[in-house]
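K.L.:
So that we are looking at the same thing, I have put the structure below in structure tokens.
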Protein chains: 2
Amino acid sequence: MPFQTKITLILLQSIDGFIARHQNDDLDWGSSQDKKIFAERTKKIGLMICGSNTYLKMNPKSFEGRKTIVITSRPEEIDKHVDNVEFFTGSPKELVSKLSKDGITEAALVGGGKLNGAFLQEDLVDEIYLSLAPILFGTGVRGYGGNQLFNKFELISNEIISPSLILLHYRKI
Amino acid sequence: MPFQTKITLILLQSIDGFIARHQNDDLDWGSSQDKKIFAERTKKIGLMICGSNTYLKMNPKSFEGRKTIVITSRPEEIDKHVDNVEFFTGSPKELVSKLSKDGITEAALVGGGKLNGAFLQEDLVDEIYLSLAPILFGTGVRGYGGNQLFNKFELISNEIISPSLILLHYRKI
């Protein structure tokens with residue numbers, strides 16, 4: 001098999017699979033410890049991939065110390081002129097193919113839900129770091145889009161990272 | 001506070017919060033170990049509460065060794081004439097009030113998703129035994145209905161019960 005960039009999906013979700021209660025959720029139901037782990041892990045991986053809405057919502061500090069690629073069809077329109085941020089117009093498969101050719105070992109997929117779902121539908125997610133918050137929302141922004149999927153994983157490890165928040169590390173099988 | 005029957009929600013779900021891929025899902029993505037734990041736990045609690053669709057789908061063996069109350073507005077229509085099964089027409093709150101008056105210590109809420117959601121909306125779920133399967137479906141039957149919720153829990157324990165399937169035990173806070 002030719003070399004392919006490993007894609008690691010990193011997300012914080014409620015028990016019922018929502019990453020936000022609504023589009024303007026400030027995520028105050030998460031934890032500072034989880035944010036710290038997110039920053040450390042994405043810096044270690046060195047490259048984040050996100051969609052345009054996630055990019056627009058992200059704090060400038062979130063782009064420091066690592067590279068970010070924003071998948072969007074409208075780069076000029078959304079550009080916030082942040083250091084270390086590039087734009088890519090194309091499918092998840094096309095991006096992974098480009099990264100693989102460039103010899104990039106690993107990238108962190110950091111949302112939103114629709115982009116996560118698009119990567120999963122093309123079977124491009126190799127690992128998941130899932131922070132599971134002890135809360136139920138019933139409705140909200142889904143972590144994996146709204147299209148049918150069938151992606152199986154194995155649980156590699158689990159760790160309590162702050163009161164009642166458990167980090168589950170999954171690998172594709 | 002007057003005595004109130006403890007309601008323990010027991011469910012198997014995908015990572016993204018679905019309890020079935022579709023209405024006729026045979027749940028072959030679950031595990032026999034999880035089924036065994038479900039049977040043991042509901043027998044120990046002694047009483048199961050479910051909705052009419054869940055009742056109609058349940059295997060006759062699932063009713064052995066414990067009592068079951070089916071919440072339904074159409075008992076005559078759906079009755080399968082199984083031993084140890086009763087019907088209740090009314091709201092979750094009305095049922096819990098009745099059970100409390102009858103001195104029932106605990107009952108296991110076993111689905112479906114809409115009934116789980118109705119209990120959660122009325123803040124009647126005290127504990128959750130969540131079996132989290134290492135799989136993503138994207139669409140399907142939601143484990144907690146489709147209405148807005150805001151139920152917070154604390155994680156009491158976690159245990160790997162079969163390859164990659166983790167059991168999370170939550171208590172309401």
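Each chain in the structure tokens gets a letter, A, B and so on, in the order shown; residues start at 1 in every chain, and ligands are counted from 1 in the order they appear.
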Which chain A residues have any atom within 10 Å of an atom of chain B, and for each, what is the nearest pair of atoms with distance in Å to one decimal, counting only C-alpha atoms, rows sorted by chain and number, as JSON lines?
P.N.:
{"residue": "A:Gln13", "atom": "CA", "partner": "B:Asp16", "partner_atom": "CA", "distance": 8.9}
{"residue": "A:Ser14", "atom": "CA", "partner": "B:Gly17", "partner_atom": "CA", "distance": 9.1}
{"residue": "A:Ile15", "atom": "CA", "partner": "B:Gly17", "partner_atom": "CA", "distance": 6.9}
{"residue": "A:Asp16", "atom": "CA", "partner": "B:Gly17", "partner_atom": "CA", "distance": 4.3}
{"residue": "A:Gly17", "atom": "CA", "partner": "B:Asp16", "partner_atom": "CA", "distance": 4.3}
{"residue": "A:Phe18", "atom": "CA", "partner": "B:Asp16", "partner_atom": "CA", "distance": 7.9}
{"residue": "A:Arg21", "atom": "CA", "partner": "B:Gln148", "partner_atom": "CA", "distance": 9.0}
{"residue": "A:Trp29", "atom": "CA", "partner": "B:Lys152", "partner_atom": "CA", "distance": 9.6}
{"residue": "A:Gly117", "atom": "CA", "partner": "B:Gly138", "partner_atom": "CA", "distance": 7.7}
{"residue": "A:Leu120", "atom": "CA", "partner": "B:Leu136", "partner_atom": "CA", "distance": 8.9}
{"residue": "A:Gln121", "atom": "CA", "partner": "B:Gly138", "partner_atom": "CA", "distance": 9.3}
{"residue": "A:Leu130", "atom": "CA", "partner": "B:Ile15", "partner_atom": "CA", "distance": 9.1}
{"residue": "A:Leu132", "atom": "CA", "partner": "B:Ile15", "partner_atom": "CA", "distance": 9.5}
{"residue": "A:Ala133", "atom": "CA", "partner": "B:Phe153", "partner_atom": "CA", "distance": 8.8}
{"residue": "A:Pro134", "atom": "CA", "partner": "B:Phe153", "partner_atom": "CA", "distance": 5.1}
{"residue": "A:Ile135", "atom": "CA", "partner": "B:Lys152", "partner_atom": "CA", "distance": 4.5}
{"residue": "A:Leu136", "atom": "CA", "partner": "B:Asn151", "partner_atom": "CA", "distance": 5.2}
{"residue": "A:Phe137", "atom": "CA", "partner": "B:Leu149", "partner_atom": "CA", "distance": 4.6}
{"residue": "A:Gly138", "atom": "CA", "partner": "B:Gln148", "partner_atom": "CA", "distance": 4.6}
{"residue": "A:Thr139", "atom": "CA", "partner": "B:Gln148", "partner_atom": "CA", "distance": 5.1}
{"residue": "A:Gly140", "atom": "CA", "partner": "B:Gln148", "partner_atom": "CA", "distance": 8.1}
{"residue": "A:Arg142", "atom": "CA", "partner": "B:Asp16", "partner_atom": "CA", "distance": 8.2}
{"residue": "A:Gly143", "atom": "CA", "partner": "B:Asp16", "partner_atom": "CA", "distance": 7.4}
{"residue": "A:Tyr144", "atom": "CA", "partner": "B:Gly138", "partner_atom": "CA", "distance": 6.2}
{"residue": "A:Gly145", "atom": "CA", "partner": "B:Gly138", "partner_atom": "CA", "distance": 6.7}
{"residue": "A:Gly146", "atom": "CA", "partner": "B:Gly138", "partner_atom": "CA", "distance": 5.7}
{"residue": "A:Asn147", "atom": "CA", "partner": "B:Gly138", "partner_atom": "CA", "distance": 5.4}
{"residue": "A:Gln148", "atom": "CA", "partner": "B:Gly138", "partner_atom": "CA", "distance": 4.6}
{"residue": "A:Leu149", "atom": "CA", "partner": "B:Phe137", "partner_atom": "CA", "distance": 4.6}
{"residue": "A:Phe150", "atom": "CA", "partner": "B:Phe137", "partner_atom": "CA", "distance": 5.1}
{"residue": "A:Asn151", "atom": "CA", "partner": "B:Leu136", "partner_atom": "CA", "distance": 5.2}
{"residue": "A:Lys152", "atom": "CA", "partner": "B:Ile135", "partner_atom": "CA", "distance": 4.5}
{"residue": "A:Phe153", "atom": "CA", "partner": "B:Pro134", "partner_atom": "CA", "distance": 5.1}
{"residue": "A:Glu154", "atom": "CA", "partner": "B:Ser164", "partner_atom": "CA", "distance": 5.2}
{"residue": "A:Leu155", "atom": "CA", "partner": "B:Ser164", "partner_atom": "CA", "distance": 4.6}
{"residue": "A:Ile156", "atom": "CA", "partner": "B:Ser164", "partner_atom": "CA", "distance": 7.6}
{"residue": "A:Ser157", "atom": "CA", "partner": "B:Ser164", "partner_atom": "CA", "distance": 9.2}
{"residue": "A:Asn158", "atom": "CA", "partner": "B:Asn158", "partner_atom": "CA", "distance": 9.1}
{"residue": "A:Glu159", "atom": "CA", "partner": "B:Asn158", "partner_atom": "CA", "distance": 9.8}
{"residue": "A:Ile160", "atom": "CA", "partner": "B:Leu155", "partner_atom": "CA", "distance": 9.2}
{"residue": "A:Pro163", "atom": "CA", "partner": "B:Glu154", "partner_atom": "CA", "distance": 7.6}
{"residue": "A:Ser164", "atom": "CA", "partner": "B:Leu155", "partner_atom": "CA", "distance": 4.6}
{"residue": "A:Leu165", "atom": "CA", "partner": "B:Leu155", "partner_atom": "CA", "distance": 7.5}
{"residue": "A:Ile166", "atom": "CA", "partner": "B:Leu155", "partner_atom": "CA", "distance": 8.3}
{"residue": "A:Leu168", "atom": "CA", "partner": "B:Ile166", "partner_atom": "CA", "distance": 9.5}
{"residue": "A:Tyr170", "atom": "CA", "partner": "B:Pro134", "partner_atom": "CA", "distance": 7.6}
{"residue": "A:Arg171", "atom": "CA", "partner": "B:Pro134", "partner_atom": "CA", "distance": 9.3}
{"residue": "A:Lys172", "atom": "CA", "partner": "B:Pro134", "partner_atom": "CA", "distance": 9.3}
{"residue": "A:Ile173", "atom": "CA", "partner": "B:Pro134", "partner_atom": "CA", "distance": 9.9}
K.L.:
Name all residues at most 9 Å from stretch 103-116 of chain A (count only C-alpha atoms; drop same-chain ones fewer than 5 positions away) and give them as a PyMOL selection string.
P.N.:
chain A and resi 3-11+18-19+41-42+45-54+71+92+98+121+125+141-147
K.L.:
Tell me which of A:His169, A:Glu76, A:Val85, A:Leu27 sits closest to A:Phe63, counting only C-alpha atoms.
P.N.:
A:Val85
K.L.:
To one decimal in Å, tell me the separation between atom CA of B:Ala20 and atom CA of B:Glu127.
P.N.:
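So the answer is 21.3 Å.
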K.L.:
Atom CA of B:Ser100 and atom CA of B:Lys36 are how many Å apart?
P.N.:
28.2 Å
K.L.:
Among chain B, which ones does DSSP assign to strand (DSSP E or B) (computed from the backbone)? Answer as a count of residues only.
P.N.:
63
K.L.:
What gap, in Å, lies between atom CA of A:Lys57 and atom CA of A:Lys93?
P.N.:
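Computing the Euclidean distance for atom CA of A:Lys57 and atom CA of A:Lys93 yields 24.5 Å.
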K.L.:
Considering only helix (DSSP H, G or I) as DSSP defines it on the backbone, what residues of stretch 14-77 of chain B qualify? List them as a list in words.
P.N.:
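Selection result, helix (DSSP H, G or I) within stretch 14-77 of chain B: Ser32, Gln33, Asp34, Lys35, Lys36, Ile37, Phe38, Ala39, Glu40, Arg41, Thr42, Lys43, Lys44, Ile45, Ser52, Asn53, Thr54, Tyr55, Leu56, Lys57, Pro60, Lys61, Ser62, Phe63, Pro75, Glu76 and Glu77 of chain B.
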K.L.:
Which of these, B:His22, B:Ile69, B:Leu124, B:Gln33, has the shortest distance to B:Val96 once you count only C-alpha atoms?
P.N.:
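Answer, going by the shortest atom-to-atom distance: B:Leu124.
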K.L.:
Considering only C-alpha atoms, state which residue in the set A:Leu99, A:Asn24, A:Lys61, A:Leu56 is at the smallest distance from A:Ala39.
P.N.:
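Ranked by minimum distance to A:Ala39, first place goes to A:Lys61.
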